[in-house]
Amino acid sequence: MSQAATELIRISGHAGVVPGAGLNREFRVAKLVDTTTCIGCKACEVACLEWNGYPFSETTFDNTYQTMPETAWNYWNLIKFNEHEREDGSMMLLMRKDQCMHCEDPGCLAACPADGAIVQYANGIVDFQEANCIGCGYCMTGCPFNIPKFSPKARKVFKCTLCNDRVSEGLEPACIKACPTGCLHFGTKAEMKELAETRAQQLREQSGFADAGVYDPPGVGGTHVIYVLHDAKNPELYGGLPKDPHVPMSVRLWKGPLKWLGNLAIVGGIVGMAFHYMRFGPKKEEEIKPDEDGRRR
Amino acid sequence: MTNGWIDIKNTDMMLIMGGNPAENHPCGFKWAMEAKRNRNAKLISVDPRFTRTSATADLFLQIRAGTDIAFLGGVIRYALENNRIAKEYLVNYTNAAFIVKEGFKLPEDGLYSGFDSAAGKYDPSTWNYEGSGGSGPAGATGHAPEPVPGKVGGATPPPALPANVAYDLTLQHPRCVFQLLKQQYSRYTPEAVERITGIPKDQYLKAVDLFTSVRKDGDMKKVATIIYAVGWTQHTFGTQIIRTAAMIQLLLGNVGRAGGGVNALRGHSNIQGATDMAGLYDSLPGYLKAPVPADSDLATYLKRTTPGSSKPSPWASMNYYSNTPKFAVSLLKSLYGDAATKQNGFAFDYLPKVDRDYSWTHIWDDMYNDKVKGMMAFGMNGVMIGPDTNKNINALKKADWLVVGEIYPDETSEFWKAPGITTDEQKNIKTTVYRLPCAGFAEKDGSMTNSARWVTWKYAAVPPPGQARLDQDILAQIFLRVRDLYKKEGGKFPDPILNLNWAYADAAHPSLSQVAMELNGKALADLTDPATGQVIRAGQQLPGFGWLKDDGTTMCGNWIYSGCWTEAGAQIQRRGTEDPSDLGVYPNWAWSWPANRRVLYNRASCNPDGKPWDPERKQVWWNEAAGKWVGNDVPDFKPDSHPKDHMGPFIMNPEGIGRLFAPIGVLADGPFPEHYEPIESPIKNPLHTDQSNNPLVKKFKTPYDKFGSPEEYGIVCTTYRLTEQYHYWTKNNPMNVQLIPEPFVEIPVELAEEKGIRGTDPIKVISARGTYIAKAFVTRRLKPMMIDGKKVYQIGLPIHQGFRGIAEDEGRDARTPANLLTPAVADPNAHTPETKGFLVKIEKA
Amino acid sequence: MTTDAVSRSSAAHNEEMVPRYTLAERVNHWIGALAYIYLLITGLAFWSPYLYWLAAVVGGGPVARAWHPWVGLIFTASLFWSFKQWHGDMKIDDADRAWAKAIPNYIQNEDDKLPPVGRFNYGQKLFFWAMFYSVILLLLSGITLWYTEALPWSLRFVRYAAILIHASVALFTIGLFLIHVYMSAILEEGSFGSMVHGYVTRAWAWTFHRSWYEQVSGGSRRVQ
């Protein structure tokens with residue numbers, strides 16, 4: 001698993017092949033967040049902050065237990081609290097740990113123009129390499145989960161690394177380590193998927209959550225952070241988790257057809273003009289014909 | 001906890017009431033989640049608010065604060081009516097079959113028999129079993145002295161139990177405990193419960209049906225646990241709430257079993273340890289009773305405090321407290337060493353005698369009334385934690401001196417800076433405040449005793465900063481100087497101080513490992529176990545409290561801790577992670593009092609024949625071949641008592657059984673719990689309007705002891721803690737302040753709309769005693785309730801913020817402590833103030 | 001026109017210089033041109049990984065990202081200045097529509113078959129207005145991209161629109177730019193020099209902008 005955490009399979013803004021890609025795909029890691037056993041204690045938030053060495057910032061009470069409205073460039077892990085009243089009138093307090101989803105098909109990486117600013121490791125971790133980041137913010141547009149955040153001070157974009165530094169040493173991410181209830185799990189994607197499905201089935205059969213399920217959205221090729229939700233049919237209830245996330249169509253157009261069309265047009269234009277020059281040559285000024293000079297006068 | 005944290009994973013059903021473990025015990029709550037995940041256990045959360053515990057529950061019921069006895073009484077009624085009881089357990093392991101004396105009266109009018117309205121207390125002599133076979137009063141107790149009027153606490157020796165108890169195993173006798181129980185809770189119908197608690201009948205029945213479903217059709221395999229915390233204790237009937245829970249667990253046969261029990265969640269890492277070491281004024285270490293003035297000598301004291309067994313004659317009772325003289329004498333030897341001799345009654349006279357109530361609310365009332373002149377406040381922020389902050393601050397103003405040992409400057413040490421005190425007024429406050437920086441928990445070695453009674457040794461992680469010192473060093477040096485003063489100047493009675501055993505290697509810096517060894521106890525002469533021939537030499541650490549003697553040949557600082565640090569080493573430093581039974585016993589991890597037992601009363605996990613009720617969860621069992629009790633846990637029982645002997649599993653009671661009926665005033669306010677309203681309540685008690693409150697509750701007489709009427713203060717308010725903050729410490733830590741930056745008041749959407757309040761608007765919460773200002777947290781997690789036909793709102797506020805902390809210092813909040821609102825009235829048994837249910841009104845600030 | 005002018009049809013007369021661009025116009029043009037080239041280099045670097053090396057040429061990715069929007073503002077300012085200078089001359093009239101009909105002649109260098117044009121021909125005017133409106137779109141989408149983080153997540157469709165608009169419009173201007181450079185620097189001899197020193201020969205003016213030539217050489221009337 002640790003080897004897979006150092007082996008790249010995708011690089012943003014990179015011309016040509018990815019060195020070493022496709023050699024080893026045995027270990028795809030995943031984080032499982034079981035929202036049904038989350039108690040909103042925020043230990044993961046603190047662990048994330050401490051492991052990554054970010055300072056504390058001032059917050060304001062905002063009619064919620066939630067620490068801040070969204071994740072921030074220096075706050076990568078945020079539990080979103082949502083009160084939800086079910087049809088039978090019973091209350092739910094939905095608590096979902098929000099962080100980078102580490103998409104199999106990462107929109108941030110697709111959108112990134114900077115060579116090597118975003119990489120995807122063979123284990124599935126999508127990591128920002130701030131040294132290469134140019135701060136354009138295209139990743140923020142490419143991400144369907146609103147995760148990458150811009151630091152005005154560093155002029156670069158930051159997000160959860162799935163603790164690649166820990167994982168590559170064979171440790172679990174800091175948030176997993178801190179979780180007191182075992183709502184967070186870490187392992188191979190296959191194991192986590194199985195654990196999640198088992199739990200979802202238990203919720204459906206034993207706890208009366210008929211729509212319980214696993215969130216591993218196919219629109220982004222699956223994610224390396226997966227959720228167990230009480231109501232997998234309405235992920236939006238959990239602080240705006242998108243129901244069917246995709247890399248935005250405009251990013252796809254921009255990085256796909258538009259790119260080829262544009263390149264073709266530029267090259268075609270240059271070729272066309274060269275042809276024109278060769279065929280017609282330069283426009284030359286003529287001698288002024290005296291009879292026509294000032295004919296309107 | 002009768003059981004332990006990890007043991008919660010063995011349960012099939014959890015009732016969590018008066019506690020919010022997901023928020024306040026998040027690490028321990030893991031085991032609740034394990035039970036849900038691995039056993040499909042169900043979780044019922046009953047709370048005044050929908051908390052983060054409720055968020056993980058299968059069922060949540062919003063209860064009016066302070067009506068838990070009504071709720072639980074209804075559970076008893078339902079279990080009895082629907083035969084959801086453990087019949088065999090009930091007959092053999094509880095006093096259900098015991099016959100109660102004639103003359104005992106149930107509180108249909110709110111009062112039990114024997115109430116003395118002038119003294120404001122009960123004469124519990126009718127709260128007793130009927131004797132049988134013409135035998136007199138039991139054992140060493142001899143006779144029942146007349147109650148001494150005007151004395152409270154342990155001052156009045158209770159009437160004695162009969163040695164032979166009349167009983168009826170068919171449970172049909174009209175005065176048997178079972179029938180009385182039935183009669184007592186027949187009034188707690190689902191309709192009555194709805195009127196009182198505000199929980200709609202259909203929801204209530206659903207919850208009760210779910211909880212008692214573990215005893216469906218009399219099946220004994222499943223187990224339910226009841227988990228609670230200070231939401232139960234902080235009421236004027238708090239002890240009785242917990243008793244009701246214990247009764248339910250006895251009724252359902254859940255005590256002593258893996259995944260069962262009555263489990264108190266302690267709010268601090270070592271609050272259990274503090275209680276074990278005589279945290280309350282009326283006890284000595286190990287829950288020995290504190291001497292009272294009537295205990296003229298050791299013999300009188302021991303006579304009063306050592307119970308004789310009391311049981312149906314064919315049954316056996318271990319009556320473990322018959323060993324009280326051994327524990328008490330060994331304690332005196334540890335306190336006074338060589339000065340404690342047989343001739344001087346082991347220096348019993350040195351012990352202070354408790355002549356009246358010295359509990360929390362009384363200390364502050366006495367200080368306000370100039371009776372207490374100084375206070376040493378260590379490890380507690382009295383201004384913030386106690387009820388009625390205004391009264392406490394004004395009491396401190398009258399004190400001559402105050403010593404505060406803390407890791408941060410706290411509100412108590414800065415009481416004179418409380419909001420509302422002007423600079424001119426500050427000049428007139430004459431109290432001298434000494435602030436002593438102390439070491440934090442991570443800066444000192446020592447042991448912590450958790451809720452599960454595990455005594456675990458910890459090591460200092462970092463040295464104390466600056467001039468901060470260890471608490472024991474500060475206390476030792478104060479003691480040594482006081483002793484020097486007594487040596488030099490003498491005094492009225494210097495002996496207890498001059499003769500105090502202070503045999504630490506470094507007197508000014510006692511090592512806590514030496515203190516732990518002192519608690520364990522050692523032999524003062526060579527001892528031999530007659531059964532095994534094992535010899536303990538003089539000076540050696542004792543293997544356990546079984547070796548304690550009442551002749552002065554052993555010393556032991558706390559009998560229940562005996563076994564924690566033996567000749568084999570510090571058991572509390574063990575870190576074995578093996579768990580052969582997979583029941584989460586971990587017998588080699590640290591050490592659990594008593595005798596490394598992880599589940600108390602575990603004999604009750606077996607049927608009367610000694611076979612486990614559930615073969616899947618085998619804790620202990622009778623091994624016929626070996627002729628003794630064996631198992632995965634240390635049997636909490638006489639090891640060689642054959643099941644045929646019918647010895648009761650509750651060996652700490654003289655009866656050997658669990659008490660559905662608490663006789664002879666062991667609880668001051670009644671042998672069965674009865675629902676009383678909180679002192680401030682929106683309604684009169686629907687069960688007996690003329691006796692709305694607990695008749696034993698006393699109100700103080702200072703100008704600060706004011707109470708609000710429901711007409712003026714119509715909203716029920718409760719206080720609580722948040723997972724993001726730890727009491728009053730973490731508001732000094734930027735990380736925690738970031739997570740919860742400001743105080744708030746949770747109010748229902750409907751109330752907010754009525755008052756035109758929007759979320760984050762600053763509001764005032766006003767009680768008869770004070771005003772709390774914070775931002776409104778408008779939520780759907782609190783709903784309006786119908787209480788006795790009246791629409792009642794319930795609100796809640798966290799207690800953390802005050803006038804000292806990061807946000808407070810920056811002026812980011814109103815700096816008002818939550819306990820400005822709460823009344824200084826207390827439970828008559830445990831003396832815990834009623835800070836969990838009182839009346840307020842709110843308005844926009 | 002004067003008889004004197006008519007009488008002279010010598011080479012000297014043909015080579016005589018007439019002023020075509022004021023100093024301000026030329027300065028502005030080259031500010032805009034340099035800005036555009038910078039934007040082009042940096043923009044292309046962001047456009048394709050195969051051109052990302054271009055960023056290194058101008059100081060590296062982060063520098064390119066930092067300056068691109070500011071230079072974009074300069075380019076915008078330059079275009080607005082051009083608008084102020086030329087919006088009169090750039091007005092499209094009936095003569096332009098007539099010229100447009102004869103555009104194949106223009107492409108085939110048969111300029112003598114074209115109707116006479118004023119200071120700017122229809123193609124130049126189209127170029128101007130296309131650039132002008134493009135820069136407005138680039139500015140609006142560019143600001144969005146500049147401060148992506150300031151745009152609320154609920155308005156993310158604006159981000160999506162912005163990246164597409166900025167890229168497509170930039171591509172469009174690249175087309176314009178290429179044609180412009182080809183025509184002025186390669187195809188039409190004398191054009192490039194006019195933007196450097198401000199003058200064209202009478203012959204050049206007579207050939208390519210006859211109506212304008214008649215005005216300036218006549219000096220009495222301006223083409224409206």
# chains A, B, ... in the order shown; residues from 1 in each chain; ligands from 1
$ select_by_dssp --residues "stretch 53-207 of chain C" --states "alpha helix (DSSP H)" --output "compact mmCIF listing (two decimals) with N, CA and C atoms, in the first residue's frame"
# COMPACT_ATOMS: atom_id res chain seq x y z
N TRP C 53 5.63 25.01 -21.37
CA TRP C 53 6.99 25.55 -21.31
C TRP C 53 7.01 27.05 -21.58
N LEU C 54 5.98 27.54 -22.28
CA LEU C 54 5.93 28.98 -22.55
C LEU C 54 5.92 29.79 -21.25
N ALA C 55 5.29 29.19 -20.23
CA ALA C 55 5.23 29.90 -18.95
C ALA C 55 6.64 30.12 -18.40
N ALA C 56 7.47 29.14 -18.62
CA ALA C 56 8.85 29.25 -18.13
C ALA C 56 9.55 30.44 -18.81
N VAL C 57 9.19 30.67 -20.07
CA VAL C 57 9.81 31.76 -20.82
C VAL C 57 9.54 33.10 -20.16
N GLY C 61 5.19 29.42 -14.08
CA GLY C 61 3.74 29.35 -13.96
C GLY C 61 3.13 30.34 -12.98
N PRO C 62 3.61 30.36 -11.74
CA PRO C 62 2.97 31.26 -10.77
C PRO C 62 3.08 32.72 -11.20
N VAL C 63 4.24 33.10 -11.77
CA VAL C 63 4.40 34.49 -12.23
C VAL C 63 3.44 34.76 -13.38
N ALA C 64 3.39 33.81 -14.29
CA ALA C 64 2.49 33.97 -15.42
C ALA C 64 1.05 34.13 -14.93
N ARG C 65 0.66 33.28 -13.96
CA ARG C 65 -0.70 33.35 -13.43
C ARG C 65 -0.94 34.68 -12.72
N ALA C 66 0.09 35.17 -12.05
CA ALA C 66 -0.08 36.42 -11.31
C ALA C 66 -0.21 37.60 -12.26
N TRP C 67 0.56 37.59 -13.34
CA TRP C 67 0.58 38.77 -14.22
C TRP C 67 -0.50 38.75 -15.30
N HIS C 68 -0.87 37.54 -15.69
CA HIS C 68 -1.83 37.44 -16.80
C HIS C 68 -3.06 38.34 -16.60
N PRO C 69 -3.71 38.30 -15.45
CA PRO C 69 -4.88 39.17 -15.30
C PRO C 69 -4.55 40.66 -15.32
N TRP C 70 -3.42 41.03 -14.76
CA TRP C 70 -3.05 42.45 -14.75
C TRP C 70 -2.76 42.93 -16.18
N VAL C 71 -2.02 42.10 -16.90
CA VAL C 71 -1.74 42.46 -18.29
C VAL C 71 -3.04 42.48 -19.08
N GLY C 72 -3.93 41.58 -18.73
CA GLY C 72 -5.26 41.58 -19.36
C GLY C 72 -5.94 42.92 -19.16
N LEU C 73 -5.78 43.48 -17.96
CA LEU C 73 -6.37 44.80 -17.70
C LEU C 73 -5.72 45.84 -18.58
N ILE C 74 -4.39 45.73 -18.75
CA ILE C 74 -3.68 46.69 -19.61
C ILE C 74 -4.21 46.58 -21.04
N PHE C 75 -4.36 45.35 -21.48
CA PHE C 75 -4.87 45.13 -22.83
C PHE C 75 -6.27 45.72 -22.98
N THR C 76 -7.08 45.49 -21.94
CA THR C 76 -8.42 46.05 -21.97
C THR C 76 -8.37 47.57 -22.04
N ALA C 77 -7.50 48.13 -21.23
CA ALA C 77 -7.38 49.59 -21.22
C ALA C 77 -6.96 50.09 -22.60
N SER C 78 -6.03 49.39 -23.18
CA SER C 78 -5.54 49.76 -24.50
C SER C 78 -6.67 49.73 -25.52
N LEU C 79 -7.47 48.68 -25.44
CA LEU C 79 -8.59 48.57 -26.39
C LEU C 79 -9.60 49.68 -26.19
N PHE C 80 -9.82 50.04 -24.91
CA PHE C 80 -10.78 51.12 -24.65
C PHE C 80 -10.24 52.45 -25.15
N TRP C 81 -8.94 52.58 -25.03
CA TRP C 81 -8.31 53.82 -25.55
C TRP C 81 -8.47 53.86 -27.08
N SER C 82 -8.24 52.71 -27.70
CA SER C 82 -8.43 52.62 -29.14
C SER C 82 -9.85 53.00 -29.52
N PHE C 83 -10.76 52.52 -28.72
CA PHE C 83 -12.16 52.84 -28.98
C PHE C 83 -12.36 54.34 -28.99
N LYS C 84 -11.73 54.99 -27.99
CA LYS C 84 -11.87 56.42 -27.89
C LYS C 84 -11.24 57.09 -29.12
N GLN C 85 -10.11 56.58 -29.54
CA GLN C 85 -9.41 57.17 -30.67
C GLN C 85 -10.12 56.92 -32.00
N TRP C 86 -10.66 55.74 -32.14
CA TRP C 86 -11.04 55.31 -33.48
C TRP C 86 -12.52 55.04 -33.70
N ASP C 94 -22.35 52.30 -45.69
CA ASP C 94 -22.75 51.64 -46.93
C ASP C 94 -21.54 51.28 -47.79
N ALA C 95 -20.52 52.17 -47.75
CA ALA C 95 -19.32 51.91 -48.53
C ALA C 95 -18.69 50.60 -48.09
N ASP C 96 -18.73 50.34 -46.77
CA ASP C 96 -18.16 49.10 -46.25
C ASP C 96 -18.95 47.91 -46.77
N ARG C 97 -20.27 48.07 -46.80
CA ARG C 97 -21.09 46.96 -47.25
C ARG C 97 -20.80 46.66 -48.73
N ALA C 98 -20.56 47.69 -49.48
CA ALA C 98 -20.21 47.50 -50.89
C ALA C 98 -18.86 46.79 -51.00
N TRP C 99 -17.94 47.23 -50.15
CA TRP C 99 -16.60 46.64 -50.13
C TRP C 99 -16.67 45.16 -49.77
N ALA C 100 -17.55 44.87 -48.83
CA ALA C 100 -17.68 43.49 -48.35
C ALA C 100 -18.08 42.58 -49.51
N LYS C 101 -18.93 43.12 -50.39
CA LYS C 101 -19.39 42.29 -51.51
C LYS C 101 -18.22 41.92 -52.42
N ILE C 103 -15.20 41.25 -51.51
CA ILE C 103 -14.09 40.75 -50.70
C ILE C 103 -13.23 39.70 -51.42
N PRO C 104 -13.81 38.85 -52.31
CA PRO C 104 -12.92 37.91 -53.03
C PRO C 104 -11.81 38.65 -53.75
N ASN C 105 -12.10 39.82 -54.30
CA ASN C 105 -11.06 40.60 -54.96
C ASN C 105 -9.96 40.97 -53.98
N TYR C 106 -10.40 41.31 -52.79
CA TYR C 106 -9.43 41.73 -51.78
C TYR C 106 -8.52 40.55 -51.46
N ILE C 107 -9.15 39.37 -51.29
CA ILE C 107 -8.36 38.19 -50.92
C ILE C 107 -7.37 37.86 -52.02
N TYR C 122 -13.29 47.63 -44.37
CA TYR C 122 -14.32 46.88 -43.66
C TYR C 122 -13.69 45.77 -42.82
N GLY C 123 -12.68 45.12 -43.33
CA GLY C 123 -12.00 44.06 -42.59
C GLY C 123 -11.37 44.59 -41.32
N GLN C 124 -10.72 45.74 -41.43
CA GLN C 124 -10.10 46.33 -40.25
C GLN C 124 -11.15 46.69 -39.21
N LYS C 125 -12.27 47.21 -39.74
CA LYS C 125 -13.34 47.59 -38.81
C LYS C 125 -13.90 46.36 -38.11
N LEU C 126 -14.09 45.28 -38.89
CA LEU C 126 -14.58 44.05 -38.27
C LEU C 126 -13.60 43.57 -37.21
N PHE C 127 -12.33 43.63 -37.57
CA PHE C 127 -11.29 43.21 -36.64
C PHE C 127 -11.37 44.03 -35.36
N PHE C 128 -11.52 45.34 -35.56
CA PHE C 128 -11.57 46.21 -34.39
C PHE C 128 -12.75 45.86 -33.48
N TRP C 129 -13.90 45.78 -34.12
CA TRP C 129 -15.08 45.54 -33.27
C TRP C 129 -15.05 44.14 -32.67
N ALA C 130 -14.57 43.18 -33.40
CA ALA C 130 -14.47 41.81 -32.85
C ALA C 130 -13.55 41.81 -31.64
N MET C 131 -12.43 42.52 -31.78
CA MET C 131 -11.48 42.57 -30.68
C MET C 131 -12.11 43.29 -29.49
N PHE C 132 -12.81 44.37 -29.80
CA PHE C 132 -13.40 45.19 -28.75
C PHE C 132 -14.41 44.38 -27.94
N TYR C 133 -15.31 43.70 -28.65
CA TYR C 133 -16.31 42.93 -27.90
C TYR C 133 -15.68 41.70 -27.24
N SER C 134 -14.69 41.14 -27.90
CA SER C 134 -14.01 39.99 -27.29
C SER C 134 -13.37 40.38 -25.97
N VAL C 135 -12.78 41.56 -25.97
CA VAL C 135 -12.06 41.93 -24.75
C VAL C 135 -13.04 42.16 -23.60
N ILE C 136 -14.23 42.60 -23.95
CA ILE C 136 -15.24 42.75 -22.89
C ILE C 136 -15.58 41.38 -22.31
N LEU C 137 -15.78 40.42 -23.19
CA LEU C 137 -16.08 39.07 -22.71
C LEU C 137 -14.89 38.48 -21.93
N LEU C 138 -13.70 38.73 -22.46
CA LEU C 138 -12.52 38.22 -21.77
C LEU C 138 -12.36 38.86 -20.40
N LEU C 139 -12.68 40.14 -20.35
CA LEU C 139 -12.57 40.86 -19.08
C LEU C 139 -13.53 40.26 -18.05
N LEU C 140 -14.79 40.10 -18.47
CA LEU C 140 -15.79 39.60 -17.52
C LEU C 140 -15.47 38.17 -17.09
N SER C 141 -15.19 37.32 -18.06
CA SER C 141 -14.87 35.94 -17.69
C SER C 141 -13.54 35.90 -16.93
N GLY C 142 -12.62 36.77 -17.33
CA GLY C 142 -11.31 36.79 -16.69
C GLY C 142 -11.38 37.18 -15.24
N ILE C 143 -12.22 38.15 -14.95
CA ILE C 143 -12.34 38.56 -13.54
C ILE C 143 -12.89 37.38 -12.71
N THR C 144 -13.84 36.68 -13.29
CA THR C 144 -14.39 35.50 -12.60
C THR C 144 -13.30 34.48 -12.31
N LEU C 145 -12.44 34.27 -13.31
CA LEU C 145 -11.37 33.28 -13.12
C LEU C 145 -10.31 33.81 -12.16
N TRP C 146 -10.13 35.12 -12.21
CA TRP C 146 -9.14 35.75 -11.36
C TRP C 146 -9.48 35.52 -9.89
N ARG C 156 -21.84 28.63 -9.00
CA ARG C 156 -20.72 27.99 -9.70
C ARG C 156 -20.93 27.90 -11.20
N PHE C 157 -22.19 27.98 -11.66
CA PHE C 157 -22.42 27.96 -13.11
C PHE C 157 -21.69 29.12 -13.78
N VAL C 158 -21.49 30.19 -13.03
CA VAL C 158 -20.74 31.33 -13.61
C VAL C 158 -19.29 30.90 -13.88
N ARG C 159 -18.73 30.13 -12.94
CA ARG C 159 -17.38 29.61 -13.16
C ARG C 159 -17.34 28.76 -14.42
N TYR C 160 -18.35 27.88 -14.51
CA TYR C 160 -18.36 26.96 -15.65
C TYR C 160 -18.45 27.76 -16.95
N ALA C 161 -19.32 28.79 -16.97
CA ALA C 161 -19.46 29.61 -18.17
C ALA C 161 -18.15 30.34 -18.43
N ALA C 162 -17.55 30.85 -17.37
CA ALA C 162 -16.36 31.69 -17.54
C ALA C 162 -15.21 30.94 -18.20
N ILE C 163 -14.96 29.70 -17.75
CA ILE C 163 -13.81 29.01 -18.36
C ILE C 163 -14.05 28.76 -19.84
N LEU C 164 -15.31 28.43 -20.19
CA LEU C 164 -15.60 28.18 -21.60
C LEU C 164 -15.50 29.46 -22.40
N ILE C 165 -16.08 30.54 -21.87
CA ILE C 165 -16.09 31.82 -22.58
C ILE C 165 -14.65 32.31 -22.76
N HIS C 166 -13.90 32.27 -21.66
CA HIS C 166 -12.54 32.83 -21.72
C HIS C 166 -11.72 32.07 -22.77
N ALA C 167 -11.84 30.75 -22.74
CA ALA C 167 -11.04 29.95 -23.68
C ALA C 167 -11.52 30.16 -25.11
N SER C 168 -12.85 30.09 -25.32
CA SER C 168 -13.34 30.21 -26.70
C SER C 168 -13.04 31.59 -27.26
N VAL C 169 -13.30 32.61 -26.48
CA VAL C 169 -13.08 33.96 -26.98
C VAL C 169 -11.59 34.21 -27.21
N ALA C 170 -10.78 33.68 -26.31
CA ALA C 170 -9.34 33.84 -26.51
C ALA C 170 -8.91 33.19 -27.82
N LEU C 171 -9.46 32.00 -28.05
CA LEU C 171 -9.14 31.33 -29.32
C LEU C 171 -9.55 32.19 -30.51
N PHE C 172 -10.73 32.76 -30.40
CA PHE C 172 -11.23 33.63 -31.46
C PHE C 172 -10.28 34.80 -31.69
N THR C 173 -9.82 35.40 -30.58
CA THR C 173 -8.92 36.54 -30.75
C THR C 173 -7.58 36.09 -31.32
N ILE C 174 -7.21 34.85 -31.01
CA ILE C 174 -5.96 34.36 -31.60
C ILE C 174 -6.09 34.33 -33.12
N GLY C 175 -7.28 33.88 -33.55
CA GLY C 175 -7.55 33.90 -35.00
C GLY C 175 -7.42 35.32 -35.54
N LEU C 176 -8.07 36.24 -34.87
CA LEU C 176 -8.03 37.64 -35.30
C LEU C 176 -6.59 38.14 -35.32
N PHE C 177 -5.90 37.79 -34.26
CA PHE C 177 -4.52 38.25 -34.11
C PHE C 177 -3.66 37.74 -35.26
N LEU C 178 -3.83 36.46 -35.57
CA LEU C 178 -3.02 35.89 -36.63
C LEU C 178 -3.28 36.61 -37.95
N ILE C 179 -4.57 36.80 -38.25
CA ILE C 179 -4.93 37.49 -39.51
C ILE C 179 -4.34 38.90 -39.52
N HIS C 180 -4.49 39.55 -38.36
CA HIS C 180 -4.02 40.93 -38.24
C HIS C 180 -2.52 41.01 -38.50
N VAL C 181 -1.80 40.12 -37.83
CA VAL C 181 -0.34 40.14 -37.99
C VAL C 181 0.03 39.81 -39.43
N SER C 191 2.28 48.60 -44.21
CA SER C 191 1.39 48.73 -43.06
C SER C 191 2.19 48.76 -41.76
N PHE C 192 3.08 47.79 -41.64
CA PHE C 192 3.82 47.65 -40.40
C PHE C 192 4.57 48.94 -40.08
N GLY C 193 5.23 49.47 -41.11
CA GLY C 193 5.99 50.70 -40.93
C GLY C 193 5.12 51.85 -40.47
N SER C 194 3.90 51.88 -41.02
CA SER C 194 3.03 53.00 -40.65
C SER C 194 2.72 53.00 -39.17
N MET C 195 2.65 51.77 -38.59
CA MET C 195 2.35 51.72 -37.17
C MET C 195 3.60 51.99 -36.35
N VAL C 196 4.75 51.97 -37.04
CA VAL C 196 5.98 52.29 -36.31
C VAL C 196 6.26 53.79 -36.35
N HIS C 197 6.34 54.33 -37.59
CA HIS C 197 6.70 55.75 -37.68
C HIS C 197 5.52 56.65 -37.96
N ARG C 202 2.06 58.14 -50.31
CA ARG C 202 0.85 58.51 -51.05
C ARG C 202 0.34 57.32 -51.84
N ALA C 203 1.28 56.58 -52.47
CA ALA C 203 0.87 55.44 -53.29
C ALA C 203 0.15 54.40 -52.44
N TRP C 204 0.69 54.16 -51.28
CA TRP C 204 0.07 53.17 -50.38
C TRP C 204 -1.35 53.62 -50.03
N ALA C 205 -1.43 54.86 -49.66
CA ALA C 205 -2.73 55.39 -49.27
C ALA C 205 -3.68 55.36 -50.45
N TRP C 206 -3.15 55.71 -51.61
CA TRP C 206 -3.98 55.75 -52.81
C TRP C 206 -4.46 54.34 -53.16
N THR C 207 -3.55 53.36 -52.92
CA THR C 207 -3.89 51.98 -53.29
C THR C 207 -4.92 51.39 -52.33
$ residues_around --residues "B:Arg187" --least-positions-apart "3" --cutoff "10 Å" --atoms "only C-alpha atoms" --output "list in words"
Ala70, Gly73, Gly74, Arg77, Glu108, Lys182, Gln183, Gln184, Pro190, Glu191, Ala192, Val193 and Leu687 of chain B
$ interface_residues --of "chain B" --to "chain A" --cutoff "7 Å" --atoms "only C-alpha atoms" --output "list of chain:residue names"
B:Ala22, B:Glu23, B:Pro26, B:Cys27, B:Phe29, B:Lys30, B:Met33, B:Asn40, B:Arg52, B:Thr53, B:Ala55, B:Thr56, B:Asp58, B:Thr723, B:Glu724, B:Pro734, B:Met735, B:Gln738, B:Leu739, B:Ile740, B:Pro741, B:Glu742, B:Gly759, B:Thr760, B:Phe777, B:Val778, B:Arg781
$ residues_around --residues "B:Asn428" --least-positions-apart "6" --cutoff "12 Å" --atoms "only C-alpha atoms" --output "PyMOL selection string"
chain B and resi 397-398+416+421-422
$ write_last_selection --atoms "C-alpha atoms" --output "JSON list (two decimals), in the first residue's frame"
[["chain", "number", "residue", "atom", "x", "y", "z"],
["B", 397, "LYS", "CA", -16.57, 38.55, 48.81],
["B", 398, "LYS", "CA", -17.12, 37.82, 52.49],
["B", 416, "TRP", "CA", -13.96, 40.01, 41.90],
["B", 421, "ILE", "CA", -18.79, 44.53, 39.83],
["B", 422, "THR", "CA", -17.56, 48.10, 39.42]]
